[in-house]
Amino acid sequence: MEQPQFIYKSTDYKTDLKPVWCPGCGDFGVLGATHKALAELQIPPENIMFFSGIGCSSRFPGYTNTYGFNAIHGRAIPLATGAKIARPELTVVAVGGDGDGYSIGGGHLPHVARKNIDLTYLVMNNNIYGLTKGQASPTTPTGSITKTTPYGNMDSPVNPIHYALAYNASFIARGYSANMKHLVELIVAAIKHPGFAIVDIISPCVTFRGDEQYKTLKDLVFEIPESHDKTDKVAAFHLALERDDNKIPVGIYYQNPRPTYHENYDIIREKAKKSGKNELTDIYSLFQA
Amino acid sequence: MEQPQFIYKSTDYKTDLKPVWCPGCGDFGVLGATHKALAELQIPPENIMFFSGIGCSSRFPGYTNTYGFNAIHGRAIPLATGAKIARPELTVVAVGGDGDGYSIGGGHLPHVARKNIDLTYLVMNNNIYGLTKGQASPTTPTGSITKTTPYGNMDSPVNPIHYALAYNASFIARGYSANMKHLVELIVAAIKHPGFAIVDIISPCVTFRGDEQYKTLKDLVFEIPESHDKTDKVAAFHLALERDDNKIPVGIYYQNPRPTYHENYDIIREKAKKSGKNELTDIYSLFQA
Amino acid sequence: MKTTNDFILTIIGSGGDGVISAGEILLSAAASEGLFGFLLKSFGPQIRGGESSIKLRISNEEIFTQGDFVQVLLVFNWGDFPRFKTEYDLSDGAIIISDSDDKLSPLSQNLPWDEKKLVNIQIPITRLTKELTGSTFNKNIFSLGLLSAMFNLPSEGLHKAIKRKFKKKSEDVLKSNIDALEAGIKWISENNLNQNDFRFEYDSVEEPKIIMNGNDSISLGAMYQGLEFYASYPITPASEILQFLGTHLPKIGGSVIQAEDELAAINMAIGASFAGKKSMTGTSGPGISLKAEAIGLASMAEIPLVIVNVQRGGPSTGLPTKFEQSDLLQAMYVTHGDAPKAVIAATSVEDSYVCANIAFQIAEKYQLPVILLSDQFISAREVSLRPFKLNKFEVISRLKPEDNESDYKRYKITENGVSPMAIPGQKGVIYQTNGLEHTSTGMPSSDLDIHKKMSEKRDLKLQHIAKEFDFVVQKDCDGAKIGVITWGSSKGAVLEAVAKLKKEGKKVSFMAPQLISPLPIHKIQPFMDKLDRLIILEMSFGKQFYTHLKSQLKLPEDVVVYNRAGGKPFSVTEVYNTISKNYVGEAE
Amino acid sequence: MKTTNDFILTIIGSGGDGVISAGEILLSAAASEGLFGFLLKSFGPQIRGGESSIKLRISNEEIFTQGDFVQVLLVFNWGDFPRFKTEYDLSDGAIIISDSDDKLSPLSQNLPWDEKKLVNIQIPITRLTKELTGSTFNKNIFSLGLLSAMFNLPSEGLHKAIKRKFKKKSEDVLKSNIDALEAGIKWISENNLNQNDFRFEYDSVEEPKIIMNGNDSISLGAMYQGLEFYASYPITPASEILQFLGTHLPKIGGSVIQAEDELAAINMAIGASFAGKKSMTGTSGPGISLKAEAIGLASMAEIPLVIVNVQRGGPSTGLPTKFEQSDLLQAMYVTHGDAPKAVIAATSVEDSYVCANIAFQIAEKYQLPVILLSDQFISAREVSLRPFKLNKFEVISRLKPEDNESDYKRYKITENGVSPMAIPGQKGVIYQTNGLEHTSTGMPSSDLDIHKKMSEKRDLKLQHIAKEFDFVVQKDCDGAKIGVITWGSSKGAVLEAVAKLKKEGKKVSFMAPQLISPLPIHKIQPFMDKLDRLIILEMSFGKQFYTHLKSQLKLPEDVVVYNRAGGKPFSVTEVYNTISKNYVGEAE
Ligand SMILES: Cc1ncc(C[n+]2csc(CCOP(=O)(O)OP(=O)(O)O)c2C)c(N)n1
Ligand SMILES: Cc1ncc(C[n+]2csc(CCOP(=O)(O)OP(=O)(O)O)c2C)c(N)n1
Ligand code: SF4
Ligand code: SF4
Ligand SMILES: [Mg+2]
Ligand SMILES: [Mg+2]
């Protein structure tokens, strides 16, 4: 019996749990876009795993009707890595905030990227620590007053696109939570991409960054033109530099597939098996004097 | 009474402790170059602090007659950061290996760089874990056989220059331990640079990478031409891309000073003091009902 | 009409109702009138705009807990009530005030109306606020006016508190709030609703109080000892230390840095201490777990360092906004190897100042990491308490060598394990150190004799600390056959329960050691030895305090452990019942 | 001429001398002849090319330690001797062989020549090797020939071992080594130097042995239980597990990943276990400290996981290549909160296989983290031991729900605390989990009743584990009034000391629990209760085992703790003397 082509609606990816998010939080948009993307991809919910750290945004897996794990702060990436290596046939998505991903969890990013683990990472970047009520995050703009920068933030914010390029991520995009349609496209492309895909998503925190962000962003965000060569790293690096007009390109900055970790590891398994002695008893016999 | 201009010889920066390093280890070159650089800078030994993590290279502080701390794996940068913030008037140098700095300690790099802490970081990059006897490091070339890659390393190695650029480090250089004169110049420039300065130094591990590295490197390493614009990030990014001829540019890739953390923090202290109520008793009085 | 000098109020409402600020204003009012107060807040799971509640206790006598039974419950919105139902116990005859504009009826709530003879008072709060103040914006302040008149709560203090609160806002805002307050007061007297049970009456009061929470108190204690460097990563319920110090430490020349994670934070603090500055890092349980390795480094390299753990419910992320005392054994054994360190537990807001001072004294004098345990219950309460003297402690700083001291050895073996620590910049006493085992000059060594000698050196400090800093809260009761021992913030409930028993003529001894490790056995063992029965009281499902005491002392034959998983602090009644049930000693 | 069936040899030399491979070849020779062997290696601080030494014990009876007194000491170079002087004790009449080509003289060494009646034999080893084999390259093999002939060491076995060792090298290399061996043998018999004390004589031997170290044994145990995922970060002395599994696990379909740090490693393993695979991570003390937070996560989210800690000398970086048992309390209390987990300690190489199996059985059956403690002394020794059966253990896997099970609840309350765990990919039993406190369906909750219920659920498992997996090494001696308890690799020395005492007619009971936490009290308490005096033996300056036992059991009135800082394992003599000195019981 053939399966009908569209069996999953976006609501099939939604749980009953009511989000703890503030009304107007950008994360609602990301959640909705993700559910839509999954429906578009028609991946059976039981074949998906979501991993997150801690933060408002990291509550995400609880609201998504797939296997999910809202774990500890900063460790979404290694958790997802382990899960994907264990079960390469399943779809793995890591989600979380700018603090979770670029501060406490920042040390894991280079390695998931250079190993090209085939998973998708959605960062809800709100330039603040939401859950802990408003401290500076690594993406908080210079000069901003937050609970931990009472005299103005003096650090230069991180540039997630530059990070991802330096890490040799094979798919790098930026989205905006209020551009639902575009965001759905990006998430679909990211999940489809074989290898590590990061989507940095501007997702305003209305409570601790005010909601004028929505207003200004509307005019600042623009889609990356078709003419941009997605396989040109230097061009992508250039595109992601801070601009004099403060505008923010959204879309795919870079995409250049290469063999994934899992493909490479299959080769290693083959190599390892070449001796032909692949039973535990064979291995044990190596200890005989 | 005026002080004579050259009071410290490079041997004044040397301790009596005999390095545990293998004969021929690249780290000897880095150690010698550092002692020479310090003598060139004529910094009194008691005004210098060295910090390191764990590794062959991290034994460095024990061999340098300044205040020194060979601490725990991966934490040279935060230790040095704390020390520098505490004592901005002293010279602070962090040293260590590629594993220490780009693997376990990799999460600290973005932040020391974007905060522009005024310290120098010398990475003895030997593409291997030396001290633990030969496991793959994040800079181990693809394909290499090591103790943990018995079937060949399948990961793409990190590009430290790209990292540093993405992190907005204000001074980025690469050196080679066997080019003593050039390396001394780089270390002098790095220490002089006001702000975070990283020097990635190719420092061969003869024991676990073989000593043919010295032979091949001789022909691969070349000095970055004068024509390179050190303030151009995109040019630096380009220069650091893997090259078809496998050649490795050494020298300063990027240098672009901006206010240091300490300068900024002085401004914050001034702002904080504006209320004029700066005694502990003033602060305590805020609790009066 | 029953009056009280010990008034307990709870308010429950939705996001916009201003419940929290009502509680804060009332506490501030009480403090400015010289009353003692104890305020707790509680929130639903929503990040913002969700339901919230407060519990406020006011008394003219010193109080140590939030009190058990709510006498007056004000509910703006019965829809929010179920979330908090298990958090608050009602007194017999408690007065339930609610907004008659709410569509849900108080009587249809699952409340012990008959059993506890609750009194139902409904007032059209929303409508009245609108009518009398022009908008519903100041509903909370209007309600404070109502409560003030109904229960004789300090109205002068309320005026002051409102002025204080809105002093940075416009005149208009201030005036409209004062108007709302007065409208509330007036409405009650016009409607003759001011003769209620639980009217607050008291004879005399002392000088005005201060309002403080545990985190501020720790910060002040550290600052008094000369804190110069604080590095931390935000985490509930410890973030306020970072925020307070971030605002105030730069004023006295110090530095505060928000690190990229807890590992960085503690290593920065170690770096700063190595460089010569008094340093501290602070966090909660998950952060301590991340600092485990560096705590061992500080122990091995003998770096003075204070590490604050404001405990919350565990394990893992656990119950981040709730109280528990379950990081006790971790504090002692978090790092690998035999790594001497000291552990101190603060028992109250006031005591947090004391403990922070002593933590620094120990850290600096003995050059080792000191873990200062506080908890959510101390940090998140706001209390009105007697102003205390800042300068009651000696400021202790680490021992330093002279410049150019001959034959300087960083880890010289000494009588008390402490060796002078050179400060970078000092001439002629340069040294290099490490986290490896090392000789007296700091050179790495894996020689077993050196390891033995150095293990002894580091351990020696503990013996001296236990004697020199043997501070405990102790109330010996002559002839008592039963004693209660507890630790940390659970002290408050025990103190009140023991006082209550004493009034009934029961003899109960009491102890709460602030120095948890090394345990001052010479003080605690004699306390135990006098008892027939010991009750150990702690908020840890795993009985961590019991485990610790058992491992360090000879406990009486007869030990009763009263423990439970956290979430809600012990009530006085709970402790009272536990002791009563197990009481041994003279009958009355 | 005294002969022995228990031969103890030490070789000391410089970088190029081939000391280590000489030891390995001789061990291999012994094993192939069916002898038991025990090889330890020791190095100077240089990374490469520095001095090194071995101690090898060979016997035809089962042995549990490296033996105490060196009977034959071969020194290539007296310049290297001082570094190892404290590591090796010499037997009375020990034979000191050295290279007469060395410019330093044996007699000028600070050795107890007279006191111990040492025998000085000097042979021009370097010159002879050169003369007889054409180069000095095979000095070590030539020396093995000498030793073989002098002390009747298995020469057939040596031939085999050399063939084995060089089978991948060219024919020439192999032949030159065999020639060197034979040249050595021949030279001794030609010079009539083969009638020495300590000649190795034995009656019968068993079948050929296997040669294994503790890390390999753990790896095999895990593989037998169906390990599918291993993530780790290199660290001495645990790296060999990563290296062994990295080579062999892919052969049976599993995956091994070298993570960027220990935090990543354990979280990867948790992710893999969540995804349905049997997972393990391994490290040493510093790595455990870094894994602290995630261990709590595994406990809270009830993730089956085995965490290996191959202990080394602490605290901090400590003595990375030396032995110590000082991570015991950390294993239990490393993470914040009340976080149930199990702790198992392997006592030998063979036992490592057992313990790895049981660690997985517990982790999978009870869905919690299990810490498996080994140590440098187990992992770095190489022993020749009886081949063991792999399949003596049941392979236990976690309980899973049926697909589409109705009303599936991930954390359903059950009689033993274990609830079925759905595996991603399973239909109709999808769930979301977290490290927050949660309801039976996994929904976050900070409700205190739920916290209580779930704390109970998680704790319940421990009670079942203590009963079901109560494995201890126990040798009760009828009528013994004294007992010795120890743990981990110190077992070996105690076992031999007790056997020696038994031969003298002394009655001593003995125990070493492998299940350290939850402690199987029902087995250990009765053991204690029979004793007048208990000796607790451990290699921790901080008396961690004593602390643990005291906190969990009722110890006899009379307890003697024999402990010290690590660096060197207990000798049998040390233990024997300790017990003898404290002996109570029938006199002979
Ligand atoms: C180890 C640890 N440190 C700190 C915290 C406290 N904490 C929880 S979420 C968070 C940051 C949240 O910021 P972000 O990741 O940007 O998520 P957002 O809430 O903004 O979506 C912090 C610091 C924690 N839970 N665990
Ligand atoms: C927390 C921790 N994990 C692991 C180790 C083991 N270790 C010591 S040095 C090292 C890596 C050394 O490599 P690198 O930093 O490149 O220095 P190198 O020896 O090559 O100079 C490792 C894994 C440790 N000491 N501490
Ligand atoms: S605090 Fe900010 S990030 Fe968190 S839920 Fe509210 S709006 Fe969203
Ligand atoms: S192992 Fe390699 S890095 Fe270490 S000292 Fe030897 S040559 Fe240098
Ligand atoms: Mg954020
Ligand atoms: Mg290296």
# chains A, B, ... in the order shown; residues from 1 in each chain; ligands from 1
>>> residues_near_ligand(ligand="ligand 3", cutoff="6 Å", atoms="only C-alpha atoms and all ligand atoms", output="list in words")
Trp21, Cys22, Cys25, Cys56, Gly130, Leu131, Cys205, Val206, Thr207 and Phe208 of chain A; Ile47 of chain C
>>> write_last_selection(atoms="N, CA, C and O atoms", output="PDB file, in the first residue's frame")
ATOM      1  N   TRP A  21       6.830  31.231  26.991  1.00  0.00           N
ATOM      2  CA  TRP A  21       7.337  32.477  26.416  1.00  0.00           C
ATOM      3  C   TRP A  21       6.401  33.667  26.626  1.00  0.00           C
ATOM      4  O   TRP A  21       5.185  33.518  26.671  1.00  0.00           O
ATOM      5  N   CYS A  22       6.976  34.839  26.666  1.00  0.00           N
ATOM      6  CA  CYS A  22       6.207  36.067  26.789  1.00  0.00           C
ATOM      7  C   CYS A  22       5.423  36.299  25.497  1.00  0.00           C
ATOM      8  O   CYS A  22       5.906  35.982  24.404  1.00  0.00           O
ATOM      9  N   CYS A  25       7.167  37.162  21.980  1.00  0.00           N
ATOM     10  CA  CYS A  25       8.529  36.649  21.880  1.00  0.00           C
ATOM     11  C   CYS A  25       8.803  36.100  20.476  1.00  0.00           C
ATOM     12  O   CYS A  25       7.961  35.401  19.906  1.00  0.00           O
ATOM     13  N   CYS A  56      15.218  30.508  27.451  1.00  0.00           N
ATOM     14  CA  CYS A  56      13.824  30.572  26.992  1.00  0.00           C
ATOM     15  C   CYS A  56      13.697  29.735  25.730  1.00  0.00           C
ATOM     16  O   CYS A  56      12.851  28.852  25.613  1.00  0.00           O
ATOM     17  N   GLY A 130      17.622  35.734  28.074  1.00  0.00           N
ATOM     18  CA  GLY A 130      16.212  35.921  28.410  1.00  0.00           C
ATOM     19  C   GLY A 130      15.828  35.252  29.722  1.00  0.00           C
ATOM     20  O   GLY A 130      15.356  35.892  30.656  1.00  0.00           O
ATOM     21  N   LEU A 131      16.058  33.958  29.780  1.00  0.00           N
ATOM     22  CA  LEU A 131      15.543  33.173  30.908  1.00  0.00           C
ATOM     23  C   LEU A 131      16.034  33.680  32.256  1.00  0.00           C
ATOM     24  O   LEU A 131      15.305  33.655  33.241  1.00  0.00           O
ATOM     25  N   CYS A 205      13.649  39.487  21.791  1.00  0.00           N
ATOM     26  CA  CYS A 205      13.184  39.328  23.162  1.00  0.00           C
ATOM     27  C   CYS A 205      12.469  40.608  23.536  1.00  0.00           C
ATOM     28  O   CYS A 205      13.097  41.623  23.817  1.00  0.00           O
ATOM     29  N   VAL A 206      11.159  40.551  23.544  1.00  0.00           N
ATOM     30  CA  VAL A 206      10.398  41.789  23.773  1.00  0.00           C
ATOM     31  C   VAL A 206      10.516  42.242  25.224  1.00  0.00           C
ATOM     32  O   VAL A 206      10.392  43.432  25.529  1.00  0.00           O
ATOM     33  N   THR A 207      10.757  41.311  26.095  1.00  0.00           N
ATOM     34  CA  THR A 207      10.766  41.658  27.519  1.00  0.00           C
ATOM     35  C   THR A 207      12.058  42.346  27.940  1.00  0.00           C
ATOM     36  O   THR A 207      12.026  43.316  28.684  1.00  0.00           O
ATOM     37  N   PHE A 208      13.167  41.865  27.459  1.00  0.00           N
ATOM     38  CA  PHE A 208      14.421  42.450  27.939  1.00  0.00           C
ATOM     39  C   PHE A 208      15.166  43.271  26.894  1.00  0.00           C
ATOM     40  O   PHE A 208      16.224  43.836  27.182  1.00  0.00           O
TER      41      PHE A 208
ATOM     42  N   ILE C  47       7.619  33.226  31.670  1.00  0.00           N
ATOM     43  CA  ILE C  47       8.758  34.117  31.860  1.00  0.00           C
ATOM     44  C   ILE C  47       8.269  35.499  32.282  1.00  0.00           C
ATOM     45  O   ILE C  47       8.840  36.145  33.126  1.00  0.00           O
TER      46      ILE C  47
END
>>> residues_near_ligand(ligand="ligand 5", cutoff="8 Å", atoms="only C-alpha atoms and all ligand atoms", output="list in words")
Gly55, Cys56, Ser57, Gly97, Asp98, Gly99, Asp100, Met124, Asn125, Asn126, Asn127, Ile128, Tyr129, Gly130, Leu131, Ser137 and Cys205 of chain A
>>> interface_residues(of="chain C", to="chain D", cutoff="6 Å", atoms="only C-alpha atoms", output="PyMOL selection string")
chain C and resi 285-286+289+292-293+296-297+314-319+326-327+329-330+333-339+435-437+446+448+452+542+547+550-551+565+567
>>> write_last_selection(atoms="C-alpha atoms", output="compact mmCIF listing (two decimals), in the first residue's frame")
# COMPACT_ATOMS: atom_id res chain seq x y z
CA GLY C 285 24.72 24.17 41.73
CA PRO C 286 25.15 23.63 37.98
CA SER C 289 29.66 21.35 38.92
CA ALA C 292 34.91 21.34 39.92
CA GLU C 293 38.26 21.04 38.21
CA GLY C 296 41.04 21.46 42.81
CA LEU C 297 43.58 23.69 41.11
CA GLY C 314 18.49 19.78 42.14
CA PRO C 315 19.71 17.55 40.66
CA SER C 316 20.66 18.87 37.21
CA THR C 317 18.61 21.91 36.20
CA GLY C 318 16.14 20.72 38.80
CA LEU C 319 13.93 23.41 40.30
CA SER C 326 21.28 19.39 48.44
CA ASP C 327 24.70 20.65 47.37
CA LEU C 329 28.35 16.90 49.98
CA GLN C 330 29.24 18.25 46.58
CA TYR C 333 33.87 16.37 47.41
CA VAL C 334 33.29 18.01 44.05
CA THR C 335 36.84 17.78 42.82
CA HIS C 336 39.06 14.73 42.35
CA GLY C 337 41.90 13.91 44.69
CA ASP C 338 42.45 14.88 48.29
CA ALA C 339 41.92 18.59 47.89
CA GLY C 435 48.55 22.11 39.52
CA LEU C 436 50.99 19.24 39.49
CA GLU C 437 52.40 17.99 42.74
CA SER C 446 55.97 12.97 41.21
CA LEU C 448 56.19 10.01 46.63
CA LYS C 452 53.35 12.91 51.17
CA GLY C 542 19.51 12.18 50.13
CA THR C 547 25.78 11.54 55.95
CA LYS C 550 27.85 10.54 60.63
CA SER C 551 31.16 10.46 58.81
CA ALA C 565 13.01 16.97 49.00
CA GLY C 567 10.61 23.14 46.91
>>> closest_atom_pairs(of="chain C", to="chain A", cutoff="6 Å", atoms="only C-alpha atoms", output="Markdown table")
| residue | atom | partner | partner_atom | distance |
| --- | --- | --- | --- | --- |
| C:Gln46 | CA | A:Val20 | CA | 4.3 |
| C:Ile47 | CA | A:Trp21 | CA | 5.9 |
| C:Arg48 | CA | A:Cys22 | CA | 5.4 |
| C:Gln243 | CA | A:Thr148 | CA | 5.4 |
| C:Glu260 | CA | A:Ser103 | CA | 4.9 |
| C:Asp261 | CA | A:Ile104 | CA | 4.7 |
>>> write_last_selection(atoms="all heavy atoms", output="PDB file, in the first residue's frame")
ATOM      1  N   GLN C  46       5.540  30.989  33.531  1.00  0.00           N
ATOM      2  CA  GLN C  46       5.709  31.946  32.433  1.00  0.00           C
ATOM      3  C   GLN C  46       6.872  32.875  32.720  1.00  0.00           C
ATOM      4  O   GLN C  46       7.088  33.290  33.853  1.00  0.00           O
ATOM      5  CB  GLN C  46       4.444  32.797  32.255  1.00  0.00           C
ATOM      6  CG  GLN C  46       3.194  32.010  31.930  1.00  0.00           C
ATOM      7  CD  GLN C  46       3.339  31.153  30.698  1.00  0.00           C
ATOM      8  OE1 GLN C  46       3.305  29.931  30.792  1.00  0.00           O
ATOM      9  NE2 GLN C  46       3.546  31.781  29.561  1.00  0.00           N
ATOM     10  N   ILE C  47       7.619  33.226  31.670  1.00  0.00           N
ATOM     11  CA  ILE C  47       8.758  34.117  31.860  1.00  0.00           C
ATOM     12  C   ILE C  47       8.269  35.499  32.282  1.00  0.00           C
ATOM     13  O   ILE C  47       8.840  36.145  33.126  1.00  0.00           O
ATOM     14  CB  ILE C  47       9.569  34.251  30.550  1.00  0.00           C
ATOM     15  CG1 ILE C  47       9.896  32.890  29.965  1.00  0.00           C
ATOM     16  CG2 ILE C  47      10.831  35.081  30.798  1.00  0.00           C
ATOM     17  CD1 ILE C  47      10.829  32.054  30.777  1.00  0.00           C
ATOM     18  N   ARG C  48       7.198  35.961  31.670  1.00  0.00           N
ATOM     19  CA  ARG C  48       6.663  37.261  32.030  1.00  0.00           C
ATOM     20  C   ARG C  48       5.151  37.230  31.914  1.00  0.00           C
ATOM     21  O   ARG C  48       4.601  36.498  31.083  1.00  0.00           O
ATOM     22  CB  ARG C  48       7.190  38.351  31.099  1.00  0.00           C
ATOM     23  CG  ARG C  48       6.982  39.751  31.650  1.00  0.00           C
ATOM     24  CD  ARG C  48       7.158  40.792  30.581  1.00  0.00           C
ATOM     25  NE  ARG C  48       6.272  40.551  29.440  1.00  0.00           N
ATOM     26  CZ  ARG C  48       6.211  41.322  28.377  1.00  0.00           C
ATOM     27  NH1 ARG C  48       7.002  42.356  28.264  1.00  0.00           N
ATOM     28  NH2 ARG C  48       5.375  41.050  27.390  1.00  0.00           N
ATOM     29  N   GLN C 243      25.180  41.192  39.519  1.00  0.00           N
ATOM     30  CA  GLN C 243      24.564  42.464  39.158  1.00  0.00           C
ATOM     31  C   GLN C 243      24.859  43.547  40.197  1.00  0.00           C
ATOM     32  O   GLN C 243      25.182  44.687  39.850  1.00  0.00           O
ATOM     33  CB  GLN C 243      23.054  42.274  38.959  1.00  0.00           C
ATOM     34  CG  GLN C 243      22.773  41.399  37.737  1.00  0.00           C
ATOM     35  CD  GLN C 243      21.387  40.784  37.667  1.00  0.00           C
ATOM     36  OE1 GLN C 243      21.151  39.867  36.884  1.00  0.00           O
ATOM     37  NE2 GLN C 243      20.459  41.259  38.481  1.00  0.00           N
ATOM     38  N   GLU C 260      32.383  33.958  29.971  1.00  0.00           N
ATOM     39  CA  GLU C 260      31.639  33.219  28.940  1.00  0.00           C
ATOM     40  C   GLU C 260      31.022  31.946  29.492  1.00  0.00           C
ATOM     41  O   GLU C 260      30.095  31.399  28.906  1.00  0.00           O
ATOM     42  CB  GLU C 260      32.525  32.919  27.727  1.00  0.00           C
ATOM     43  CG  GLU C 260      33.805  32.121  28.001  1.00  0.00           C
ATOM     44  CD  GLU C 260      34.992  33.010  28.370  1.00  0.00           C
ATOM     45  OE1 GLU C 260      34.769  34.146  28.821  1.00  0.00           O
ATOM     46  OE2 GLU C 260      36.139  32.562  28.197  1.00  0.00           O
ATOM     47  N   ASP C 261      31.524  31.448  30.592  1.00  0.00           N
ATOM     48  CA  ASP C 261      30.911  30.305  31.273  1.00  0.00           C
ATOM     49  C   ASP C 261      31.509  30.201  32.680  1.00  0.00           C
ATOM     50  O   ASP C 261      32.363  31.016  33.052  1.00  0.00           O
ATOM     51  CB  ASP C 261      31.076  28.991  30.483  1.00  0.00           C
ATOM     52  CG  ASP C 261      32.533  28.580  30.293  1.00  0.00           C
ATOM     53  OD1 ASP C 261      33.411  29.087  31.021  1.00  0.00           O
ATOM     54  OD2 ASP C 261      32.800  27.745  29.410  1.00  0.00           O
TER      55      ASP C 261
END
>>> interface_residues(of="chain A", to="chain B", cutoff="10 Å", atoms="only C-alpha atoms", output="MDAnalysis selection string")
chainID A and resid 102:116 138 149:168 233:235 237:238 241 259:261 264:265 267:272
>>> select_by_dssp(residues="segment 442-582 of chain C", states="alpha helix (DSSP H)", output="VMD selection string")
chain C and resid 448 to 468 491 to 503 521 to 529 544 to 552 572 to 581
>>> residues_around(residues="Ser285 of chain B", least_positions_apart="4", cutoff="12 Å", atoms="only C-alpha atoms", output="MDAnalysis selection string")
(chainID B and resid 277:281 289) or (chainID C and resid 209:212 220 387:390)
>>> write_last_selection(atoms="C-alpha atoms", output="short mmCIF file (atom, residue, chain, number, x, y, z; two decimals), in the first residue's frame")
data_model
loop_
_atom_site.label_atom_id
_atom_site.label_comp_id
_atom_site.auth_asym_id
_atom_site.auth_seq_id
_atom_site.Cartn_x
_atom_site.Cartn_y
_atom_site.Cartn_z
CA LYS B 277 28.87 57.98 46.79
CA ASN B 278 31.74 55.62 46.54
CA GLU B 279 32.47 54.48 50.04
CA LEU B 280 31.23 51.13 51.25
CA THR B 281 29.16 52.97 53.84
CA ALA B 289 14.32 51.82 54.38
CA LYS C 209 15.36 48.85 59.65
CA ILE C 210 17.27 48.02 56.54
CA ILE C 211 15.90 45.86 53.74
CA MET C 212 18.21 43.33 52.31
CA LEU C 220 28.68 43.58 51.14
CA PRO C 387 21.08 47.65 60.67
CA PHE C 388 24.32 45.90 61.46
CA LYS C 389 27.81 47.23 61.93
CA LEU C 390 29.94 46.71 58.87
#
>>> residues_around(residues="Tyr576 of chain D", least_positions_apart="2", cutoff="8 Å", atoms="only C-alpha atoms", output="number ranges by chain")
D: 494, 497-498, 500-501, 572-574, 578-580
>>> residues_around(residues="Ile396 of chain C", least_positions_apart="5", cutoff="10 Å", atoms="only C-alpha atoms", output="list in words")
Gln225, Gly226, Asn357, Ile358, Phe360, Gln361, Ile362, Ala363, Glu364 and Lys365 of chain C
>>> closest_residue(among="B:Thr120, B:Gln213, B:Ser58, B:Thr66", to="ligand 6", atoms="only C-alpha atoms and all ligand atoms")
B:Ser58
>>> select_by_dssp(residues="segment 235-426 of chain D", states="strand (DSSP E)", output="ChimeraX atom specification")
/D:255-258,279-283,305-311,342-345,369-375,382-385
>>> residues_around(residues="Arg87 of chain B", least_positions_apart="3", cutoff="9 Å", atoms="only C-alpha atoms", output="number ranges by chain")
B: 82-84, 90-91; C: 272, 275-277, 424
>>> residues_around(residues="Thr34 of chain A", least_positions_apart="6", cutoff="10 Å", atoms="only C-alpha atoms", output="PyMOL selection string")
chain A and resi 10+13-14+28+40+64+122+180+183-188
>>> closest_residue(among="B:Thr231, B:Ser203, B:Ser275, B:Asn256", to="ligand 4", atoms="only C-alpha atoms and all ligand atoms")
B:Ser203
>>> closest_residue(among="C:Pro401, C:Ala259, C:Leu372, C:Asp470", to="ligand 1", atoms="only C-alpha atoms and all ligand atoms")
C:Ala259
>>> closest_residue(among="A:Ala190, A:Leu239, A:Leu38, A:Ile248", to="Ser170 of chain A", atoms="only C-alpha atoms")
A:Ala190
